[in-house]
Amino acid sequence: MCRMRVKCLCAVVVVLALTAVPVPAQQIASAEQKSAEQQLVILDTDIGDDIDDAFALALLLRSPEVKLLGITTAFGDTELRARLVDRYLQAVGRTDIPVTAGLQTPHSNVFTQEPYARQAPEREHPGSIKFLLEQIRAHPGQITLIAIGPLTNLRVAIQRDPATFRQLKRVVMMGGSVYRGYDGGNAKEINQSPSPEWNIRCDPEGARALLASGVSVFMMPLDSTQVRLTQNQLGTTLSHGSRLTDQLTLLYHQWTGADVFKLPTLFDPVAVTYALRPELCPTQPIHLDVDEKGFTRPGPGTANAQVCLKSDESGFREFLLSRILDDAAH
């Protein structure tokens, strides 16, 4: 009986060993499929002034359906902005993502998170425009460019090589003001008078060039992006204690200064959310004209952008927090 049991056990072991052989291959195939299904993204950002860019980057880093090909910095001291991104990525263990510096421009706004950026080692960053065009050529028709700053890098890339730029899959941008202007920090009082929104106002020519480029443009204007976390949601995020939320906490406190209870308006994460969960930011085709002051006015003519005029704010908050507070995410 003992010998029979041994034989049976040996047979079971052999069968298990044989049936286990394909498992690693299946895992490899699954990983390859996931990689093939990942959305290729480049983020163009003026990170370092307001805090919403840092939240937008956090959302991208915690979204496994995205392969972030690189980060390009825009407006003002783009080298210092790139150093801020360097430190951020180093802190969260994502130094695999290329960081490039865009065209430097005159600016008078306050770089609130400059102390954070200056603690990163100095290094010379590659140029953003060259990087952007190279990546489009390498992945024609596949890249989503998420633009959450003034559109200077995009304007120069279009001027330099419009045919290559047209090979972008799409541009998802935060910018513009169609029917709603800045609310002045009061979410209960919606400003029904359009405003020259910051990203457009800083480079109206860039906005006109993008809308005429032939690339599909998905615009998240002030109408749909003036979303704030509650005080409790912000407190939960800043006290979470992960490597990612620690960076948000450091940058938040540099942004607020003495106003420790200031609630950020999360303009830019709404644009990232559209790229990931478009049902939270439904769009409609609109023809927009951009004037020298930065107004984006709807008018007659063929639609040149898909525009979100109202987002699902509660759905957005839930989605954002579920991602950036998920320590198990990639």
# chains A, B, ... in the order shown; residues from 1 in each chain; ligands from 1

$ residues_around --residues "Ser177 of chain A" --least-positions-apart "2" --cutoff "10 Å" --atoms "only C-alpha atoms" --output "number ranges by chain"
A: 174-175, 179-182, 192-198, 200, 219-224, 294-298, 309

$ residues_around --residues "His125 of chain A" --least-positions-apart "2" --cutoff "9 Å" --atoms "only C-alpha atoms" --output "list in words"
Glu79, Ala82, Arg83, Val99, Thr100, Ala101, Arg123, Gly127 and Ser128 of chain A

$ residues_around --residues "segment 157-162 of chain A" --least-positions-apart "3" --cutoff "6 Å" --atoms "only C-alpha atoms" --output "list in words"
Ile129, Leu154 and Phe165 of chain A

$ write_last_selection --atoms "C-alpha atoms" --output "mmCIF file, in the first residue's frame"
data_model
loop_
_atom_site.group_PDB
_atom_site.id
_atom_site.type_symbol
_atom_site.label_atom_id
_atom_site.label_comp_id
_atom_site.auth_asym_id
_atom_site.auth_seq_id
_atom_site.Cartn_x
_atom_site.Cartn_y
_atom_site.Cartn_z
ATOM 1 C CA ILE A 129 10.413 70.353 -28.862
ATOM 2 C CA LEU A 154 3.187 73.054 -29.129
ATOM 3 C CA PHE A 165 2.803 67.224 -35.361
#

$ residues_around --residues "Pro121 of chain A" --least-positions-apart "4" --cutoff "9 Å" --atoms "only C-alpha atoms" --output "ChimeraX atom specification"
/A:83,86-87,117

$ write_last_selection --atoms "C-alpha atoms" --output "PDB file, in the first residue's frame"
ATOM      1  CA  ARG A  83      14.452  70.031 -11.941  1.00  0.00           C
ATOM      2  CA  ASP A  86      13.385  65.366 -11.545  1.00  0.00           C
ATOM      3  CA  ARG A  87      13.058  65.513  -7.770  1.00  0.00           C
ATOM      4  CA  ALA A 117      12.937  72.464  -7.324  1.00  0.00           C
TER       5      ALA A 117
END

$ atom_distance --atom1 "atom CA of Asp44 of chain A" --atom2 "atom CA of Gly241 of chain A"
27.2 Å

$ closest_atom_pairs --of "segment 75-144 of chain A" --to "segment 51-67 of chain A" --cutoff "12 Å" --atoms "only C-alpha atoms" --output "JSON lines"
{"residue": "A:Arg81", "atom": "CA", "partner": "A:Asp53", "partner_atom": "CA", "distance": 11.1}
{"residue": "A:Leu84", "atom": "CA", "partner": "A:Ala54", "partner_atom": "CA", "distance": 9.9}
{"residue": "A:Val85", "atom": "CA", "partner": "A:Ala54", "partner_atom": "CA", "distance": 9.0}
{"residue": "A:Arg87", "atom": "CA", "partner": "A:Ala54", "partner_atom": "CA", "distance": 12.0}
{"residue": "A:Tyr88", "atom": "CA", "partner": "A:Ala54", "partner_atom": "CA", "distance": 8.9}
{"residue": "A:Leu89", "atom": "CA", "partner": "A:Leu61", "partner_atom": "CA", "distance": 9.2}
{"residue": "A:Ala91", "atom": "CA", "partner": "A:Ala58", "partner_atom": "CA", "distance": 11.9}
{"residue": "A:Val92", "atom": "CA", "partner": "A:Leu61", "partner_atom": "CA", "distance": 9.1}
{"residue": "A:Gly93", "atom": "CA", "partner": "A:Leu61", "partner_atom": "CA", "distance": 10.4}
{"residue": "A:Arg94", "atom": "CA", "partner": "A:Leu61", "partner_atom": "CA", "distance": 8.4}
{"residue": "A:Thr95", "atom": "CA", "partner": "A:Leu61", "partner_atom": "CA", "distance": 11.6}
{"residue": "A:Asp96", "atom": "CA", "partner": "A:Lys67", "partner_atom": "CA", "distance": 11.0}
{"residue": "A:Ile97", "atom": "CA", "partner": "A:Lys67", "partner_atom": "CA", "distance": 9.4}
{"residue": "A:Pro98", "atom": "CA", "partner": "A:Lys67", "partner_atom": "CA", "distance": 11.8}
{"residue": "A:Phe111", "atom": "CA", "partner": "A:Ile51", "partner_atom": "CA", "distance": 10.6}
{"residue": "A:Thr112", "atom": "CA", "partner": "A:Ile51", "partner_atom": "CA", "distance": 8.9}
{"residue": "A:Gln113", "atom": "CA", "partner": "A:Ile51", "partner_atom": "CA", "distance": 8.6}
{"residue": "A:Gln142", "atom": "CA", "partner": "A:Lys67", "partner_atom": "CA", "distance": 11.3}
{"residue": "A:Ile143", "atom": "CA", "partner": "A:Lys67", "partner_atom": "CA", "distance": 9.9}
{"residue": "A:Thr144", "atom": "CA", "partner": "A:Val66", "partner_atom": "CA", "distance": 10.0}

$ residues_around --residues "Gln233 of chain A" --least-positions-apart "3" --cutoff "12 Å" --atoms "only C-alpha atoms" --output "mmCIF file with N, CA and C atoms, in the first residue's frame"
data_model
loop_
_atom_site.group_PDB
_atom_site.id
_atom_site.type_symbol
_atom_site.label_atom_id
_atom_site.label_comp_id
_atom_site.auth_asym_id
_atom_site.auth_seq_id
_atom_site.Cartn_x
_atom_site.Cartn_y
_atom_site.Cartn_z
ATOM 1 N N ARG A 228 -12.843 71.449 -6.669
ATOM 2 C CA ARG A 228 -12.021 71.450 -5.466
ATOM 3 C C ARG A 228 -12.337 70.230 -4.609
ATOM 4 N N LEU A 229 -11.310 69.733 -3.926
ATOM 5 C CA LEU A 229 -11.534 68.706 -2.912
ATOM 6 C C LEU A 229 -12.177 69.351 -1.695
ATOM 7 N N THR A 230 -12.866 68.560 -0.902
ATOM 8 C CA THR A 230 -13.327 69.063 0.389
ATOM 9 C C THR A 230 -12.121 69.160 1.326
ATOM 10 N N THR A 236 -7.042 64.086 4.135
ATOM 11 C CA THR A 236 -6.757 62.656 3.973
ATOM 12 C C THR A 236 -5.597 62.439 3.002
ATOM 13 N N THR A 237 -5.585 63.208 1.930
ATOM 14 C CA THR A 237 -4.529 63.074 0.924
ATOM 15 C C THR A 237 -3.171 63.487 1.487
ATOM 16 N N LEU A 238 -3.125 64.641 2.135
ATOM 17 C CA LEU A 238 -1.844 65.173 2.601
ATOM 18 C C LEU A 238 -1.295 64.399 3.800
ATOM 19 N N SER A 239 -2.151 63.669 4.498
ATOM 20 C CA SER A 239 -1.685 62.898 5.659
ATOM 21 C C SER A 239 -1.534 61.413 5.340
ATOM 22 N N HIS A 240 -1.678 61.046 4.093
ATOM 23 C CA HIS A 240 -1.694 59.633 3.705
ATOM 24 C C HIS A 240 -0.352 58.950 3.964
ATOM 25 N N LEU A 263 -7.757 75.607 -0.321
ATOM 26 C CA LEU A 263 -8.165 74.468 -1.132
ATOM 27 C C LEU A 263 -7.748 74.696 -2.582
ATOM 28 N N PRO A 264 -6.997 73.779 -3.150
ATOM 29 C CA PRO A 264 -6.579 73.953 -4.541
ATOM 30 C C PRO A 264 -7.729 73.709 -5.503
ATOM 31 N N SER A 314 -18.271 65.018 -8.769
ATOM 32 C CA SER A 314 -18.157 64.002 -7.708
ATOM 33 C C SER A 314 -17.468 62.751 -8.239
ATOM 34 N N ARG A 317 -13.708 63.531 -8.389
ATOM 35 C CA ARG A 317 -13.042 63.469 -7.076
ATOM 36 C C ARG A 317 -12.826 62.021 -6.642
ATOM 37 N N GLU A 318 -13.852 61.210 -6.821
ATOM 38 C CA GLU A 318 -13.743 59.809 -6.426
ATOM 39 C C GLU A 318 -12.640 59.104 -7.220
ATOM 40 N N LEU A 320 -10.008 60.488 -8.825
ATOM 41 C CA LEU A 320 -8.701 61.034 -8.477
ATOM 42 C C LEU A 320 -8.185 60.443 -7.170
ATOM 43 N N LEU A 321 -9.007 60.455 -6.135
ATOM 44 C CA LEU A 321 -8.569 59.971 -4.836
ATOM 45 C C LEU A 321 -8.348 58.464 -4.851
ATOM 46 N N SER A 322 -9.178 57.733 -5.588
ATOM 47 C CA SER A 322 -8.982 56.282 -5.638
ATOM 48 C C SER A 322 -7.637 55.933 -6.251
ATOM 49 N N ILE A 324 -4.702 58.200 -6.476
ATOM 50 C CA ILE A 324 -3.491 58.705 -5.804
ATOM 51 C C ILE A 324 -3.349 58.164 -4.383
ATOM 52 N N LEU A 325 -4.433 57.595 -3.819
ATOM 53 C CA LEU A 325 -4.328 56.975 -2.502
ATOM 54 C C LEU A 325 -4.167 55.464 -2.584
#

$ closest_residue --among "A:Gln90, A:Gln119, A:Gln226, A:Thr273" --to "Arg243 of chain A" --atoms "only C-alpha atoms"
A:Gln90

$ closest_atom_pairs --of "segment 253-299 of chain A" --to "segment 204-211 of chain A" --cutoff "7 Å" --atoms "only C-alpha atoms" --output "CSV"
residue,atom,partner,partner_atom,distance
A:Val290,CA,A:Arg208,CA,6.1
A:Asp291,CA,A:Pro204,CA,6.8
A:Glu292,CA,A:Pro204,CA,6.0
A:Gly294,CA,A:Pro204,CA,5.4

$ select_by_dssp --residues "segment 147-256 of chain A" --states "alpha helix (DSSP H)" --output "MDAnalysis selection string"
chainID A and resid 152:160 162:165 198:201 204:211 222:225 231:238 243:256

$ atom_distance --atom1 "atom CA of Leu280 of chain A" --atom2 "atom CA of Ala212 of chain A"
26.5 Å

$ atom_distance --atom1 "atom CA of Lys169 of chain A" --atom2 "atom CA of Ser311 of chain A"
22.7 Å

$ residues_around --residues "Pro285 of chain A" --least-positions-apart "3" --cutoff "12 Å" --atoms "only C-alpha atoms" --output "PyMOL selection string"
chain A and resi 216-219+282+288+298-309

$ decode --residues "segment 49-104 of chain A" --atoms "C-alpha atoms" --output "mmCIF file, in the first residue's frame"
data_model
loop_
_atom_site.group_PDB
_atom_site.id
_atom_site.type_symbol
_atom_site.label_atom_id
_atom_site.label_comp_id
_atom_site.auth_asym_id
_atom_site.auth_seq_id
_atom_site.Cartn_x
_atom_site.Cartn_y
_atom_site.Cartn_z
ATOM 1 C CA ASP A 49 3.372 77.785 -9.887
ATOM 2 C CA ASP A 50 -0.072 76.435 -8.980
ATOM 3 C CA ILE A 51 -0.419 73.027 -7.299
ATOM 4 C CA ASP A 52 -2.819 71.365 -9.735
ATOM 5 C CA ASP A 53 -0.016 70.247 -12.096
ATOM 6 C CA ALA A 54 1.481 68.178 -9.275
ATOM 7 C CA PHE A 55 -1.870 66.447 -8.742
ATOM 8 C CA ALA A 56 -2.191 65.859 -12.493
ATOM 9 C CA LEU A 57 1.224 64.198 -12.597
ATOM 10 C CA ALA A 58 0.336 62.104 -9.538
ATOM 11 C CA LEU A 59 -2.789 60.847 -11.306
ATOM 12 C CA LEU A 60 -0.792 59.835 -14.381
ATOM 13 C CA LEU A 61 1.832 58.051 -12.300
ATOM 14 C CA ARG A 62 -0.902 56.028 -10.579
ATOM 15 C CA SER A 63 -2.669 55.034 -13.809
ATOM 16 C CA PRO A 64 -1.386 51.672 -15.068
ATOM 17 C CA GLU A 65 -3.245 52.029 -18.369
ATOM 18 C CA VAL A 66 -0.804 54.812 -19.295
ATOM 19 C CA LYS A 67 2.762 54.569 -20.538
ATOM 20 C CA LEU A 68 4.242 57.997 -19.854
ATOM 21 C CA LEU A 69 6.802 58.507 -22.623
ATOM 22 C CA GLY A 70 8.104 61.748 -21.168
ATOM 23 C CA ILE A 71 7.410 65.055 -19.452
ATOM 24 C CA THR A 72 8.044 68.378 -21.187
ATOM 25 C CA THR A 73 8.109 71.609 -19.209
ATOM 26 C CA ALA A 74 6.571 74.839 -20.446
ATOM 27 C CA PHE A 75 6.649 78.568 -19.726
ATOM 28 C CA GLY A 76 9.066 80.707 -17.761
ATOM 29 C CA ASP A 77 12.127 78.999 -16.279
ATOM 30 C CA THR A 78 11.583 75.619 -17.884
ATOM 31 C CA GLU A 79 14.949 74.271 -16.684
ATOM 32 C CA LEU A 80 13.982 74.874 -13.068
ATOM 33 C CA ARG A 81 10.579 73.318 -13.687
ATOM 34 C CA ALA A 82 12.363 70.277 -15.122
ATOM 35 C CA ARG A 83 14.452 70.031 -11.941
ATOM 36 C CA LEU A 84 11.228 70.030 -9.920
ATOM 37 C CA VAL A 85 9.999 67.084 -11.999
ATOM 38 C CA ASP A 86 13.385 65.366 -11.545
ATOM 39 C CA ARG A 87 13.058 65.513 -7.770
ATOM 40 C CA TYR A 88 9.411 64.435 -7.841
ATOM 41 C CA LEU A 89 10.145 61.395 -10.013
ATOM 42 C CA GLN A 90 13.238 60.466 -7.998
ATOM 43 C CA ALA A 91 11.189 60.528 -4.801
ATOM 44 C CA VAL A 92 8.546 58.172 -6.185
ATOM 45 C CA GLY A 93 10.990 55.828 -7.916
ATOM 46 C CA ARG A 94 10.139 56.736 -11.520
ATOM 47 C CA THR A 95 13.440 57.961 -12.926
ATOM 48 C CA ASP A 96 12.709 55.860 -16.026
ATOM 49 C CA ILE A 97 10.554 58.715 -17.378
ATOM 50 C CA PRO A 98 12.476 61.232 -19.549
ATOM 51 C CA VAL A 99 12.261 64.885 -18.495
ATOM 52 C CA THR A 100 12.924 67.680 -20.988
ATOM 53 C CA ALA A 101 12.933 71.476 -20.792
ATOM 54 C CA GLY A 102 10.833 73.544 -23.171
ATOM 55 C CA LEU A 103 11.361 76.976 -24.620
ATOM 56 C CA GLN A 104 12.064 79.522 -21.880
#
